[in-house]
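Asks: Enclosed is the structure file start10.txt (compact mmCIF, C-alpha atoms and all ligand atoms).
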```
# COMPACT_ATOMS: atom_id res chain seq x y z
CA MET A 30 76.45 117.99 107.89
CA THR A 31 79.38 120.38 107.72
CA ALA A 32 82.30 119.04 105.76
CA LYS A 33 85.79 118.58 107.14
CA VAL A 34 88.05 121.05 105.39
CA ILE A 35 91.04 119.34 103.80
CA ASP A 36 93.84 121.84 104.37
CA GLY A 37 96.02 121.68 101.25
CA LYS A 38 98.23 124.51 102.45
CA ALA A 39 99.20 122.63 105.61
CA PHE A 40 99.55 119.33 103.70
CA ALA A 41 101.80 121.00 101.11
CA ALA A 42 104.00 122.29 103.94
CA THR A 43 104.49 118.71 105.21
CA VAL A 44 105.37 117.54 101.68
CA ARG A 45 107.94 120.34 101.35
CA GLU A 46 109.41 119.40 104.76
CA LYS A 47 109.84 115.78 103.61
CA VAL A 48 111.44 116.98 100.37
CA ALA A 49 113.78 119.35 102.23
CA ALA A 50 114.87 116.58 104.64
CA HIS A 51 115.65 114.31 101.70
CA VAL A 52 117.55 117.06 99.89
CA THR A 53 119.73 117.51 102.98
CA ARG A 54 120.41 113.75 103.05
CA LEU A 55 121.31 113.70 99.33
CA LYS A 56 123.72 116.59 99.81
CA GLU A 57 125.35 115.27 102.99
CA GLU A 58 125.54 111.57 102.17
CA HIS A 59 126.01 111.66 98.39
CA GLY A 60 127.17 115.19 97.52
CA ILE A 61 124.19 115.58 95.16
CA THR A 62 122.10 118.76 94.88
CA PRO A 63 118.84 118.13 93.01
CA GLY A 64 118.31 120.69 90.23
CA LEU A 65 115.08 121.86 88.62
CA ALA A 66 115.17 123.76 85.32
CA VAL A 67 112.13 125.84 84.42
CA VAL A 68 111.73 127.19 80.89
CA LEU A 69 109.48 130.21 80.39
CA VAL A 70 108.75 131.56 76.92
CA GLY A 71 107.12 134.99 76.57
CA GLU A 72 105.54 137.46 78.95
CA ASP A 73 102.28 135.79 80.07
CA PRO A 74 101.70 137.39 83.52
CA ALA A 75 100.12 134.29 85.14
CA SER A 76 103.00 132.11 83.89
CA GLN A 77 105.52 134.60 85.28
CA VAL A 78 103.86 134.41 88.71
CA TYR A 79 103.86 130.59 88.64
CA VAL A 80 107.50 130.42 87.56
CA ARG A 81 108.59 132.87 90.28
CA SER A 82 106.72 130.85 92.90
CA LYS A 83 108.21 127.56 91.67
CA GLY A 84 111.74 129.01 91.74
CA LYS A 85 111.31 130.40 95.25
CA GLN A 86 110.00 127.13 96.68
CA THR A 87 112.69 125.12 94.89
CA VAL A 88 115.39 127.18 96.60
CA GLU A 89 113.58 127.02 99.96
CA VAL A 90 113.80 123.20 100.03
CA GLY A 91 117.52 123.39 99.24
CA MET A 92 117.45 122.43 95.57
CA GLU A 93 119.06 124.35 92.74
CA SER A 94 116.63 126.40 90.67
CA LEU A 95 117.64 127.16 87.08
CA GLU A 96 115.42 129.54 85.13
CA PHE A 97 115.57 129.91 81.36
CA LYS A 98 113.51 132.89 80.14
CA ARG A 99 113.19 133.23 76.40
CA ASP A 100 111.48 135.85 74.20
CA THR A 101 108.12 135.08 72.58
CA ASP A 102 109.74 134.98 69.13
CA ILE A 103 112.08 132.06 69.95
CA THR A 104 111.99 129.51 67.13
CA GLU A 105 110.97 125.92 67.71
CA ALA A 106 114.49 124.78 66.73
CA GLU A 107 116.04 127.11 69.33
CA LEU A 108 113.68 125.87 72.04
CA LEU A 109 114.36 122.24 71.13
CA ALA A 110 118.10 122.94 71.29
CA LEU A 111 117.66 124.33 74.82
CA ILE A 112 115.73 121.20 75.86
CA ASP A 113 118.53 119.02 74.42
CA GLN A 114 121.10 120.97 76.40
CA LEU A 115 119.10 120.48 79.64
CA ASN A 116 118.57 116.78 78.87
CA ASP A 117 122.34 116.38 78.68
CA ASP A 118 123.13 118.44 81.80
CA PRO A 119 123.82 116.13 84.77
CA LYS A 120 123.09 118.97 87.25
CA VAL A 121 119.50 119.12 85.94
CA HIS A 122 117.24 116.38 87.34
CA GLY A 123 113.90 117.92 86.42
CA ILE A 124 112.79 119.99 83.41
CA LEU A 125 109.55 121.90 83.27
CA VAL A 126 108.37 123.91 80.27
CA GLN A 127 105.77 126.39 81.48
CA LEU A 128 102.57 126.10 79.45
CA PRO A 129 100.89 127.57 77.50
CA LEU A 130 103.56 128.18 74.86
CA PRO A 131 103.05 130.85 72.16
CA ALA A 132 100.91 129.57 69.27
CA HIS A 133 103.80 129.16 66.78
CA LEU A 134 105.41 126.51 69.04
CA ASP A 135 104.11 122.93 69.03
CA SER A 136 103.66 122.11 72.75
CA ASP A 137 103.42 118.35 72.15
CA LEU A 138 106.66 118.35 70.15
CA VAL A 139 108.46 120.38 72.83
CA ILE A 140 107.17 118.32 75.78
CA ASN A 141 108.02 115.07 74.02
CA ALA A 142 111.58 116.31 73.46
CA ILE A 143 112.17 116.29 77.23
CA ASP A 144 114.00 113.23 78.58
CA PRO A 145 111.09 111.26 80.16
CA ALA A 146 113.24 110.65 83.25
CA LYS A 147 113.48 114.44 83.75
CA ASP A 148 109.84 115.15 82.83
CA VAL A 149 108.71 116.34 86.28
CA ASP A 150 105.35 117.53 84.91
CA GLY A 151 104.60 113.96 83.78
CA PHE A 152 103.28 115.15 80.40
CA HIS A 153 105.69 113.24 78.13
CA ILE A 154 103.90 110.59 76.09
CA SER A 155 106.10 107.87 77.64
CA ASN A 156 105.07 108.87 81.15
CA VAL A 157 101.42 109.02 80.10
CA GLY A 158 101.74 105.46 78.78
CA LEU A 159 103.61 104.21 81.84
CA LEU A 160 100.96 105.68 84.18
CA GLY A 161 98.17 104.21 82.04
CA THR A 162 99.73 100.76 82.25
CA GLY A 163 100.37 100.95 85.98
CA GLN A 164 104.15 101.22 85.65
CA LYS A 165 106.59 103.49 87.45
CA SER A 166 106.35 106.93 85.84
CA MET A 167 106.57 110.63 86.52
CA VAL A 168 103.06 111.57 87.66
CA PRO A 169 101.44 114.94 86.77
CA CYS A 170 101.68 117.24 89.79
CA THR A 171 98.09 118.41 90.26
CA PRO A 172 96.46 114.95 90.22
CA LEU A 173 99.32 113.58 92.34
CA GLY A 174 98.56 116.23 94.95
CA CYS A 175 94.85 115.34 94.85
CA LEU A 176 95.65 111.64 95.31
CA MET A 177 97.93 112.33 98.27
CA MET A 178 95.19 114.30 100.03
CA LEU A 179 92.58 111.62 99.26
CA ARG A 180 94.81 108.83 100.58
CA ASP A 181 95.52 110.85 103.70
CA HIS A 182 91.82 111.47 104.32
CA HIS A 183 90.40 108.05 103.42
CA GLY A 184 93.27 105.64 104.01
CA SER A 185 92.30 103.05 101.42
CA LEU A 186 90.36 104.24 98.35
CA SER A 187 89.62 100.68 97.26
CA GLY A 188 86.08 100.14 95.98
CA LEU A 189 85.00 103.78 96.26
CA ASN A 190 83.02 105.35 93.41
CA ALA A 191 84.99 108.25 91.98
CA VAL A 192 83.65 110.74 89.45
CA VAL A 193 86.20 112.99 87.76
CA VAL A 194 84.51 115.92 86.04
CA GLY A 195 86.86 117.01 83.23
CA ARG A 196 88.94 114.97 80.79
CA SER A 197 91.98 117.16 80.13
CA ASN A 198 95.37 115.56 79.62
CA ILE A 199 96.88 117.48 82.53
CA VAL A 200 94.22 116.92 85.19
CA GLY A 201 91.15 114.81 84.39
CA LYS A 202 92.68 111.83 82.58
CA PRO A 203 95.72 111.29 84.84
CA MET A 204 93.50 111.80 87.90
CA ALA A 205 91.22 109.03 86.66
CA GLN A 206 94.24 106.74 86.06
CA LEU A 207 95.53 107.35 89.57
CA LEU A 208 92.15 106.63 91.16
CA LEU A 209 91.84 103.47 89.07
CA GLY A 210 95.32 102.51 90.26
CA ASP A 211 94.02 102.79 93.82
CA SER A 212 91.09 100.50 92.90
CA CYS A 213 88.32 103.09 92.75
CA THR A 214 85.44 102.55 90.34
CA VAL A 215 86.03 105.54 88.10
CA THR A 216 83.73 107.58 85.87
CA ILE A 217 85.12 110.41 83.75
CA ALA A 218 82.48 113.06 83.00
CA HIS A 219 82.83 115.90 80.48
CA SER A 220 80.85 118.46 78.54
CA ARG A 221 78.88 115.79 76.63
CA THR A 222 77.96 113.75 79.72
CA LYS A 223 74.19 113.27 80.01
CA ASP A 224 72.57 114.23 83.32
CA LEU A 225 75.80 115.24 85.03
CA PRO A 226 74.10 115.90 88.41
CA ALA A 227 72.85 112.28 88.51
CA VAL A 228 76.34 110.98 87.61
CA VAL A 229 77.99 113.09 90.31
CA ARG A 230 75.40 111.95 92.90
CA GLN A 231 76.78 108.39 92.59
CA ALA A 232 80.23 109.49 93.74
CA ASP A 233 81.97 108.85 97.03
CA ILE A 234 84.76 111.04 95.62
CA VAL A 235 84.13 113.95 93.25
CA VAL A 236 87.05 115.64 91.53
CA ALA A 237 85.95 118.89 89.88
CA ALA A 238 88.31 119.97 87.08
CA VAL A 239 86.14 121.82 84.59
CA GLY A 240 87.34 125.43 84.57
CA ARG A 241 83.82 126.74 85.23
CA PRO A 242 83.37 128.81 88.38
CA GLU A 243 81.26 127.11 91.09
CA MET A 244 79.59 124.74 88.61
CA VAL A 245 79.32 121.69 90.89
CA ILE A 246 76.68 122.47 93.51
CA GLY A 247 75.71 120.89 96.80
CA ASP A 248 72.51 119.43 95.36
CA TRP A 249 74.71 117.15 93.16
CA ILE A 250 76.74 115.79 96.07
CA LYS A 251 75.96 112.51 97.84
CA PRO A 252 75.82 113.18 101.60
CA GLY A 253 79.22 112.43 103.13
CA ALA A 254 81.12 112.38 99.82
CA THR A 255 84.58 113.92 99.44
CA VAL A 256 84.87 116.89 97.06
CA VAL A 257 88.27 117.73 95.60
CA ASP A 258 88.08 121.07 93.84
CA VAL A 259 90.86 121.58 91.29
CA GLY A 260 89.40 124.75 89.78
CA ILE A 261 91.06 128.13 89.98
CA ASN A 262 88.80 130.88 88.64
CA ARG A 263 89.01 134.59 89.29
CA ILE A 264 85.58 136.22 89.41
CA GLU A 265 84.32 139.79 89.94
CA LYS A 266 82.95 140.62 93.38
CA PRO A 267 79.65 142.57 93.44
CA GLU A 268 81.32 145.25 95.58
CA GLY A 269 84.25 145.54 93.14
CA GLY A 270 87.58 143.73 92.92
CA THR A 271 87.98 140.01 92.33
CA ARG A 272 88.21 136.77 94.29
CA LEU A 273 89.32 133.21 93.58
CA VAL A 274 86.72 130.46 93.44
CA GLY A 275 86.86 126.80 92.51
CA ASP A 276 84.85 124.69 90.09
CA ALA A 277 82.63 123.62 93.01
CA ASP A 278 80.30 125.93 94.89
CA TYR A 279 82.00 125.73 98.26
CA ALA A 280 79.12 127.05 100.40
CA SER A 281 76.50 124.57 99.19
CA CYS A 282 78.90 121.59 98.77
CA ALA A 283 80.36 122.01 102.27
CA GLN A 284 76.86 121.54 103.75
CA VAL A 285 76.46 118.09 102.20
CA ALA A 286 79.98 116.70 101.70
CA GLY A 287 81.93 114.78 104.32
CA ALA A 288 85.14 116.54 103.32
CA ILE A 289 86.11 119.25 100.86
CA THR A 290 89.20 121.06 99.61
CA PRO A 291 88.84 124.87 99.71
CA VAL A 292 89.86 127.34 97.02
CA PRO A 293 92.28 128.89 97.66
CA GLY A 294 94.27 126.69 100.03
CA GLY A 295 93.33 123.23 98.74
CA VAL A 296 94.69 121.64 95.59
CA GLY A 297 96.63 124.74 94.48
CA PRO A 298 99.46 124.64 97.06
CA MET A 299 99.84 120.88 96.55
CA THR A 300 100.72 121.32 92.87
CA ILE A 301 104.08 123.04 93.43
CA ALA A 302 104.81 120.80 96.44
CA CYS A 303 104.36 117.79 94.13
CA LEU A 304 106.63 119.37 91.52
CA LEU A 305 109.36 119.44 94.17
CA ALA A 306 108.47 115.86 95.16
CA ASN A 307 108.77 114.77 91.51
CA THR A 308 112.15 116.49 91.21
CA ILE A 309 113.55 114.58 94.16
CA THR A 310 112.06 111.35 92.83
CA ALA A 311 113.71 112.00 89.44
CA CYS A 312 117.02 112.81 91.13
CA CYS A 313 116.98 109.59 93.19
CA ARG A 314 116.10 107.48 90.15
CA ALA A 315 118.87 109.12 88.08
CA ASN A 316 121.40 108.23 90.78
CA ASN A 317 120.04 104.73 91.53
CA LEU A 318 119.21 105.75 95.08
CA PRO A 319 116.12 104.76 97.07
CA GLU A 320 113.19 107.12 96.56
CA PRO A 321 111.71 108.91 99.56
CA GLU A 322 108.52 107.25 100.76
CA GLY A 323 105.12 108.89 100.30
CA LEU A 324 106.23 111.40 97.67
CA THR A 325 105.04 109.49 94.63
CA VAL A 326 102.58 106.70 93.82
P1 LIG B 1 90.47 122.15 80.46
O1 LIG B 1 89.74 123.36 79.96
O2 LIG B 1 91.61 121.62 79.69
O3 LIG B 1 89.41 120.96 80.62
C1 LIG B 1 88.15 121.18 81.15
C2 LIG B 1 87.34 119.92 81.12
O4 LIG B 1 86.07 120.21 81.70
C3 LIG B 1 87.09 119.39 79.70
O5 LIG B 1 87.29 118.02 79.67
C4 LIG B 1 85.63 119.75 79.43
O6 LIG B 1 84.94 118.79 78.68
C5 LIG B 1 85.05 119.73 80.83
N1 LIG B 1 83.88 120.63 80.90
C6 LIG B 1 83.80 121.91 80.53
N2 LIG B 1 82.56 122.37 80.71
C7 LIG B 1 81.83 121.35 81.22
C8 LIG B 1 80.48 121.20 81.61
N3 LIG B 1 79.61 122.21 81.51
N4 LIG B 1 80.09 120.00 82.08
C9 LIG B 1 80.97 118.97 82.19
N5 LIG B 1 82.25 119.05 81.83
C10 LIG B 1 82.67 120.23 81.34
O7 LIG B 1 90.86 122.49 81.96
P2 LIG B 1 92.02 121.87 82.90
O8 LIG B 1 91.80 120.43 83.12
O9 LIG B 1 93.33 122.35 82.44
O10 LIG B 1 91.70 122.66 84.24
C11 LIG B 1 90.50 122.45 84.95
C12 LIG B 1 90.44 123.43 86.11
O11 LIG B 1 91.52 123.16 86.98
C13 LIG B 1 90.56 124.90 85.74
O12 LIG B 1 89.76 125.64 86.64
C14 LIG B 1 92.02 125.20 85.97
O13 LIG B 1 92.24 126.56 86.28
C15 LIG B 1 92.30 124.35 87.16
N6 LIG B 1 93.68 123.91 87.32
C16 LIG B 1 94.21 124.02 88.57
C17 LIG B 1 95.47 123.59 88.84
C18 LIG B 1 95.98 123.68 90.23
O14 LIG B 1 97.18 123.69 90.44
N7 LIG B 1 95.12 123.73 91.23
C19 LIG B 1 96.33 123.05 87.79
C20 LIG B 1 95.67 122.89 86.52
C21 LIG B 1 94.39 123.32 86.32
P3 LIG B 1 85.22 118.53 77.10
O15 LIG B 1 86.51 117.74 77.08
O16 LIG B 1 84.05 117.75 76.68
O17 LIG B 1 85.36 119.87 76.48
```
Represent the structure contained in this file as structure tokens.
Ligand code: NDP
Replies:
Amino acid sequence: MTAKVIDGKAFAATVREKVAAHVTRLKEEHGITPGLAVVLVGEDPASQVYVRSKGKQTVEVGMESLEFKRDTDITEAELLALIDQLNDDPKVHGILVQLPLPAHLDSDLVINAIDPAKDVDGFHISNVGLLGTGQKSMVPCTPLGCLMMLRDHHGSLSGLNAVVVGRSNIVGKPMAQLLLGDSCTVTIAHSRTKDLPAVVRQADIVVAAVGRPEMVIGDWIKPGATVVDVGINRIEKPEGGTRLVGDADYASCAQVAGAITPVPGGVGPMTIACLLANTITACCRANNLPEPEGLTV
């Protein structure tokens, strides 16, 4: 079997189109321009690339992008004061603090200072609790993107066995909650899981979010299963230079799976698209307007 390739790049483009159409409607019918504030502390090169990309795509869909760059030596009090200011700013509908923060800043404290209604990353403890109890929340962008692609591919996910490999707060745990919300039977695997290959072989849906290049191999995959590869790992090429690979070994998994997301071009592009989707959702909720369909759970 050769797996169907789930094209996250194309899917992300359709999400951005929906967002852009809704932004136009908000501007024309209500005079509202959704605004996304991104806070970047320090000089981490990967974070700078992400923030630039987020800002560019925010503007492309017609929203206002506000960037707040601060030096590495900002104090926690100064950063919290900035978050307060953004919480109070009616032009700001979404706030994202780019992680990781420098070690002297308490990420949990900073994230939990964001108004939960503006927490477009879905990391605030209130949103985590709301998602866990099946209530309306802001949903973390990467797992939201994975869920959208899975729903699009499968239609109903009800009754499917899903194995999420990885239990981080930003990917694994919220992914498991979302799949449970769609009535999958969910297993969360991690570094202490016994006989991981046997666990993964039970899965109709495998979500690989481990941060280990090409760890999940085709021999672990049930024939016809769907593999969603969240991993982004840069590895050395034998001939020199580097390339991006996922947490699943694409070549061997694609021979057994029914469908698979590639790296690059799978989950990655969906993450920023879902950030934009969350911003419009937050903006509609703040203004008591109907939310666009299909852009959140
Ligand atoms: P974390 O490092 O926070 O979590 C990794 C998880 O994998 C942990 O729960 C860990 O288990 C588990 N794990 C590690 N080694 C093994 C192993 N040998 N067997 C089984 N489980 C293992 O990573 P993130 O969740 O933040 O990210 C996961 C991947 O997703 C990374 O490749 C990251 O780059 C990528 N990513 C991609 C995004 C995108 O936009 N596409 C966004 C965010 C992340 P334990 O808890 O026991 O240590």
Asks: Show me which residues line ligand LIG 1 (chain B), defined as having an atom within 6 Å of a ligand atom where only C-alpha atoms and all ligand atoms count, and present them as a ChimeraX atom specification.
Replies: /A:171,194-197,199-201,219-221,238-240,259-262,296-297,300
Asks: Which residue gives the smallest distance to Leu176 of chain A among A:Val326, A:Val149, A:Val215, A:Ala277, with all atoms listed in the file counted?
Replies: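 Comparing A:Val326, A:Val149, A:Val215, A:Ala277 against Leu176 of chain A, the winner is A:Val326.
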Asks: Identify, on the basis of all atoms listed in the file, every residue whose closest approach to Ile289 of chain A does not exceed 10 Å; exclude the query and any residue fewer than 2 positions from it along the same chain; express the result as an MDAnalysis selection string.
Replies: chainID A and resid 31:36 234:235 253:258 277 279 282:287 291:292 295
Asks: Kindly list the centre and edge lengths in Å, rounded to one decimal, for the axis-aligned box that covers all listed atoms of segment 133-141 of chain A plus 6 Å on each of its six sides, as AutoDock Vina command-line options.
Replies:
```
--center_x 105.9 --center_y 122.1 --center_z 71.3 --size_x 17.0 --size_y 26.1 --size_z 21.0
```
Asks: Could you tell me how far atom CA of Thr308 of chain A lies from atom CA of Asn198 of chain A, in Å and to one decimal?
Replies: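 Pair atom CA of Thr308 of chain A / atom CA of Asn198 of chain A returns 20.4 Å.
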Asks: Restricted to all heavy atoms, what does segment 84-95 of chain A look like when written out as a compact mmCIF listing (two decimals), in the first residue's frame?
Replies:
```
# COMPACT_ATOMS: atom_id res chain seq x y z
N GLY A 84 3.86 37.13 11.77
CA GLY A 84 3.50 38.52 11.46
C GLY A 84 3.11 38.67 10.00
O GLY A 84 2.09 39.32 9.68
N LYS A 85 3.88 38.05 9.12
CA LYS A 85 3.63 38.16 7.67
C LYS A 85 2.25 37.58 7.33
O LYS A 85 1.44 38.20 6.64
CB LYS A 85 4.75 37.41 6.94
CG LYS A 85 4.69 37.49 5.44
CD LYS A 85 6.01 36.95 4.85
CE LYS A 85 5.88 36.74 3.36
NZ LYS A 85 5.27 35.49 2.97
N GLN A 86 1.98 36.39 7.87
CA GLN A 86 0.70 35.74 7.53
C GLN A 86 -0.49 36.46 8.17
O GLN A 86 -1.58 36.48 7.60
CB GLN A 86 0.73 34.27 7.96
CG GLN A 86 1.74 33.46 7.15
CD GLN A 86 1.60 31.96 7.36
OE1 GLN A 86 0.52 31.44 7.57
NE2 GLN A 86 2.72 31.26 7.32
N THR A 87 -0.26 37.07 9.32
CA THR A 87 -1.32 37.84 9.98
C THR A 87 -1.75 39.00 9.08
O THR A 87 -2.94 39.24 8.85
CB THR A 87 -0.84 38.38 11.35
OG1 THR A 87 -0.40 37.29 12.13
CG2 THR A 87 -1.94 39.11 12.08
N VAL A 88 -0.75 39.70 8.54
CA VAL A 88 -1.04 40.84 7.67
C VAL A 88 -1.69 40.36 6.36
O VAL A 88 -2.63 40.98 5.86
CB VAL A 88 0.27 41.63 7.39
CG1 VAL A 88 0.06 42.69 6.33
CG2 VAL A 88 0.78 42.25 8.69
N GLU A 89 -1.21 39.23 5.85
CA GLU A 89 -1.75 38.71 4.57
C GLU A 89 -3.25 38.40 4.65
O GLU A 89 -3.96 38.50 3.66
CB GLU A 89 -0.98 37.46 4.13
CG GLU A 89 0.33 37.81 3.42
CD GLU A 89 1.24 36.61 3.23
OE1 GLU A 89 0.86 35.47 3.59
OE2 GLU A 89 2.36 36.82 2.74
N VAL A 90 -3.73 37.98 5.82
CA VAL A 90 -5.18 37.70 5.92
C VAL A 90 -5.97 38.96 6.32
O VAL A 90 -7.18 38.88 6.55
CB VAL A 90 -5.51 36.54 6.90
CG1 VAL A 90 -4.96 35.23 6.37
CG2 VAL A 90 -5.03 36.82 8.31
N GLY A 91 -5.28 40.09 6.41
CA GLY A 91 -5.99 41.35 6.64
C GLY A 91 -6.10 41.78 8.09
O GLY A 91 -6.75 42.77 8.41
N MET A 92 -5.46 41.02 8.99
CA MET A 92 -5.51 41.39 10.41
C MET A 92 -4.38 42.38 10.73
O MET A 92 -3.44 42.53 9.95
CB MET A 92 -5.29 40.16 11.29
CG MET A 92 -6.35 39.11 11.17
SD MET A 92 -5.98 37.82 12.38
CE MET A 92 -7.16 36.59 11.93
N GLU A 93 -4.47 42.97 11.91
CA GLU A 93 -3.38 43.83 12.35
C GLU A 93 -2.38 43.01 13.15
O GLU A 93 -2.76 42.23 14.04
CB GLU A 93 -3.92 44.98 13.22
CG GLU A 93 -2.83 45.96 13.53
CD GLU A 93 -3.32 47.24 14.18
OE1 GLU A 93 -4.53 47.34 14.48
OE2 GLU A 93 -2.50 48.13 14.39
N SER A 94 -1.10 43.14 12.77
CA SER A 94 -0.04 42.42 13.48
C SER A 94 0.73 43.40 14.34
O SER A 94 1.26 44.39 13.84
CB SER A 94 0.90 41.77 12.47
OG SER A 94 2.06 41.33 13.11
N LEU A 95 0.80 43.13 15.65
CA LEU A 95 1.55 44.00 16.55
C LEU A 95 2.68 43.18 17.16
O LEU A 95 2.42 42.15 17.78
CB LEU A 95 0.62 44.53 17.66
CG LEU A 95 -0.62 45.27 17.14
CD1 LEU A 95 -1.88 44.61 17.66
CD2 LEU A 95 -0.56 46.71 17.57
```
